[in-house]
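Novice: Would you mind keeping the following structure in view while I ask a few things?
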Amino acid sequence: MKHAVLTSIAHNITDSFASGAGLMVGVYDIDIWAAVAETPSRQLDIDFLTGECCSATSGHLAHAIQLYVKALPDLCRRQDVDISDFTGLKVRFVGAPPLHRVEITVTDRLGRTSKDIYFGAPLKRGKVLDRLGRLRPA
């Protein structure tokens with residue numbers, strides 16, 4: 001099991017969910033940013049291993065989350081990893097377009113944890129200048 005493969009799977013499932021089309025689970029219309037805008041804190045946490053969502057969501061969004069939870073084991077098999085290699089797969093959607101971001105936290109069975117932050121749609125990493133003035137992923 002490679003942690004990088006797990007983070008790639010997490011990015012793929014999150015990008016599909018955030019895109020609004022839901023192509024990974026068939027065509028399923030999802031407006032995650034509208035759901036985020038309805039929360040007082042302007043953020044929404046989803047655990048894609050258990051299907052839990054931290055705040056009250058519509059039945060439509062809760063159903064979409066469950067579809068992705070069911071699709072995750074198959075995506076893992078296609079990448080030659082087991083779903084049990086994940087001990088945590090949490091995603092936080094924050095803000096509203098165009099200033100929104102997605103924070104993906106992955107924990108593997110060895111306890112290694114990584115947190116990646118993406119912006120925009122499709123999800124892209126932020127860019128920073130390195131010490132030589134070159135543009136690099138954050």
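For the structure tokens, the naming scheme is as follows: chains receive sequential letters (A, B, ...) according to their order of presentation, residues are indexed from 1 within each chain, and ligands are indexed from 1 in presentation order.
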Could you pull out the residues in segment 29-131 of chain A that DSSP calls strand (DSSP E) from the backbone, as number ranges by chain?

Specialist: A: 43-47, 86-94, 101-108, 113-119, 124-125, 127-129

Novice: Using only C-alpha atoms, please write the residues we just selected to a file, as a CSV table (one decimal), in the first residue's frame.

Specialist:
```csv
chain,number,residue,atom,x,y,z
A,43,GLN,CA,-18.2,24.6,5.7
A,44,LEU,CA,-19.3,21.0,5.4
A,45,ASP,CA,-17.4,17.9,6.5
A,46,ILE,CA,-17.9,14.5,4.9
A,47,ASP,CA,-16.4,11.2,5.9
A,86,PHE,CA,-7.8,3.7,4.7
A,87,THR,CA,-8.4,4.5,8.3
A,88,GLY,CA,-9.6,8.0,7.6
A,89,LEU,CA,-10.9,9.8,4.5
A,90,LYS,CA,-12.4,13.1,5.5
A,91,VAL,CA,-13.2,16.0,3.2
A,92,ARG,CA,-14.0,19.6,4.2
A,93,PHE,CA,-15.7,21.9,1.7
A,94,VAL,CA,-15.2,25.5,2.7
A,101,ARG,CA,-11.5,25.4,-1.2
A,102,VAL,CA,-11.5,21.7,-0.4
A,103,GLU,CA,-9.3,20.1,2.3
A,104,ILE,CA,-8.8,16.3,2.0
A,105,THR,CA,-7.3,14.4,5.0
A,106,VAL,CA,-6.2,10.8,4.4
A,107,THR,CA,-5.0,8.5,7.1
A,108,ASP,CA,-3.6,5.1,6.2
A,113,THR,CA,-1.8,11.3,7.7
A,114,SER,CA,-1.7,13.8,4.9
A,115,LYS,CA,-3.8,16.9,4.3
A,116,ASP,CA,-4.1,18.4,0.8
A,117,ILE,CA,-5.8,21.7,0.0
A,118,TYR,CA,-7.4,22.3,-3.4
A,119,PHE,CA,-9.1,25.3,-5.0
A,124,LYS,CA,-6.3,22.3,-8.3
A,125,ARG,CA,-3.5,22.8,-5.8
A,127,LYS,CA,0.7,27.7,-6.3
A,128,VAL,CA,3.6,29.4,-4.5
A,129,LEU,CA,6.9,30.9,-5.6
```

Novice: Would you return as a VMD selection string the members of segment 2-115 of chain A that DSSP assigns to helix (DSSP H, G or I) on this structure's backbone?

Specialist: chain A and resid 3 to 19 32 to 38 59 to 78 83 to 85

Novice: In terms of the shortest atom-to-atom distance over only C-alpha atoms, which of A:Leu6, A:Ala138, A:Leu110, A:Val25 is closest to Tyr68 of chain A?

Specialist: A:Val25

Novice: So which one's closest to Asp31 of chain A, A:Ala71, A:Ile13, A:Ala64, A:Cys54? Using only C-alpha atoms, please.

Specialist: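 Going through A:Ala71, A:Ile13, A:Ala64, A:Cys54 one by one, the smallest distance to Asp31 of chain A is for A:Ala64.
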
Novice: Find the residue from A:Ile30, A:Leu135, A:Ile9, A:Cys53 that sits nearest to Arg78 of chain A; use only C-alpha atoms when measuring.

Specialist: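 So, comparing all the options, the nearest one is A:Ile9.
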
Novice: Using only C-alpha atoms, which protein or nucleic acid residues come within 12 Å of His63 of chain A? Drop anything in the same chain fewer than 2 positions from it, and give the result as a PyMOL selection string.

Specialist: chain A and resi 22+25+28-30+51-53+57-61+65-70

Novice: Generate the output file for the selected residues, C-alpha atoms, as a compact mmCIF listing (two decimals), in the first residue's frame.

Specialist:
```
# COMPACT_ATOMS: atom_id res chain seq x y z
CA GLY A 22 -21.43 12.73 -10.04
CA VAL A 25 -21.71 6.96 -9.49
CA TYR A 28 -26.14 12.26 -10.25
CA ASP A 29 -26.71 16.00 -9.85
CA ILE A 30 -24.93 17.35 -6.75
CA GLY A 51 -20.89 8.39 4.96
CA GLU A 52 -21.25 10.77 7.88
CA CYS A 53 -21.76 14.47 7.27
CA THR A 57 -27.99 17.96 4.81
CA SER A 58 -30.77 17.39 2.36
CA GLY A 59 -31.86 13.85 1.65
CA HIS A 60 -30.58 14.26 -1.90
CA LEU A 61 -27.06 15.13 -0.72
CA ILE A 65 -22.72 10.66 -0.16
CA GLN A 66 -23.92 7.07 0.33
CA LEU A 67 -23.51 6.38 -3.39
CA TYR A 68 -19.88 7.49 -3.16
CA VAL A 69 -19.29 5.41 -0.02
CA LYS A 70 -20.53 2.37 -1.94
```

Novice: Neighbours of Trp33 of chain A within 7 Å (only C-alpha atoms; same-chain residues fewer than 3 positions away dropped), as a PyMOL selection string?

Specialist: chain A and resi 36-37+96

Novice: Name the closest residue to Ser8 of chain A among the candidates A:Leu99, A:Ile83, A:Leu132, A:Cys76; distances are taken between atoms, counting only C-alpha atoms.

Specialist: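 Among A:Leu99, A:Ile83, A:Leu132, A:Cys76, it is A:Cys76 that comes nearest to Ser8 of chain A.
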
Novice: Restricting the calculation to only C-alpha atoms: of A:Val27, A:Pro73, A:Pro137, A:Ala62, which residue gets closest to Leu49 of chain A?

Specialist: A:Pro73
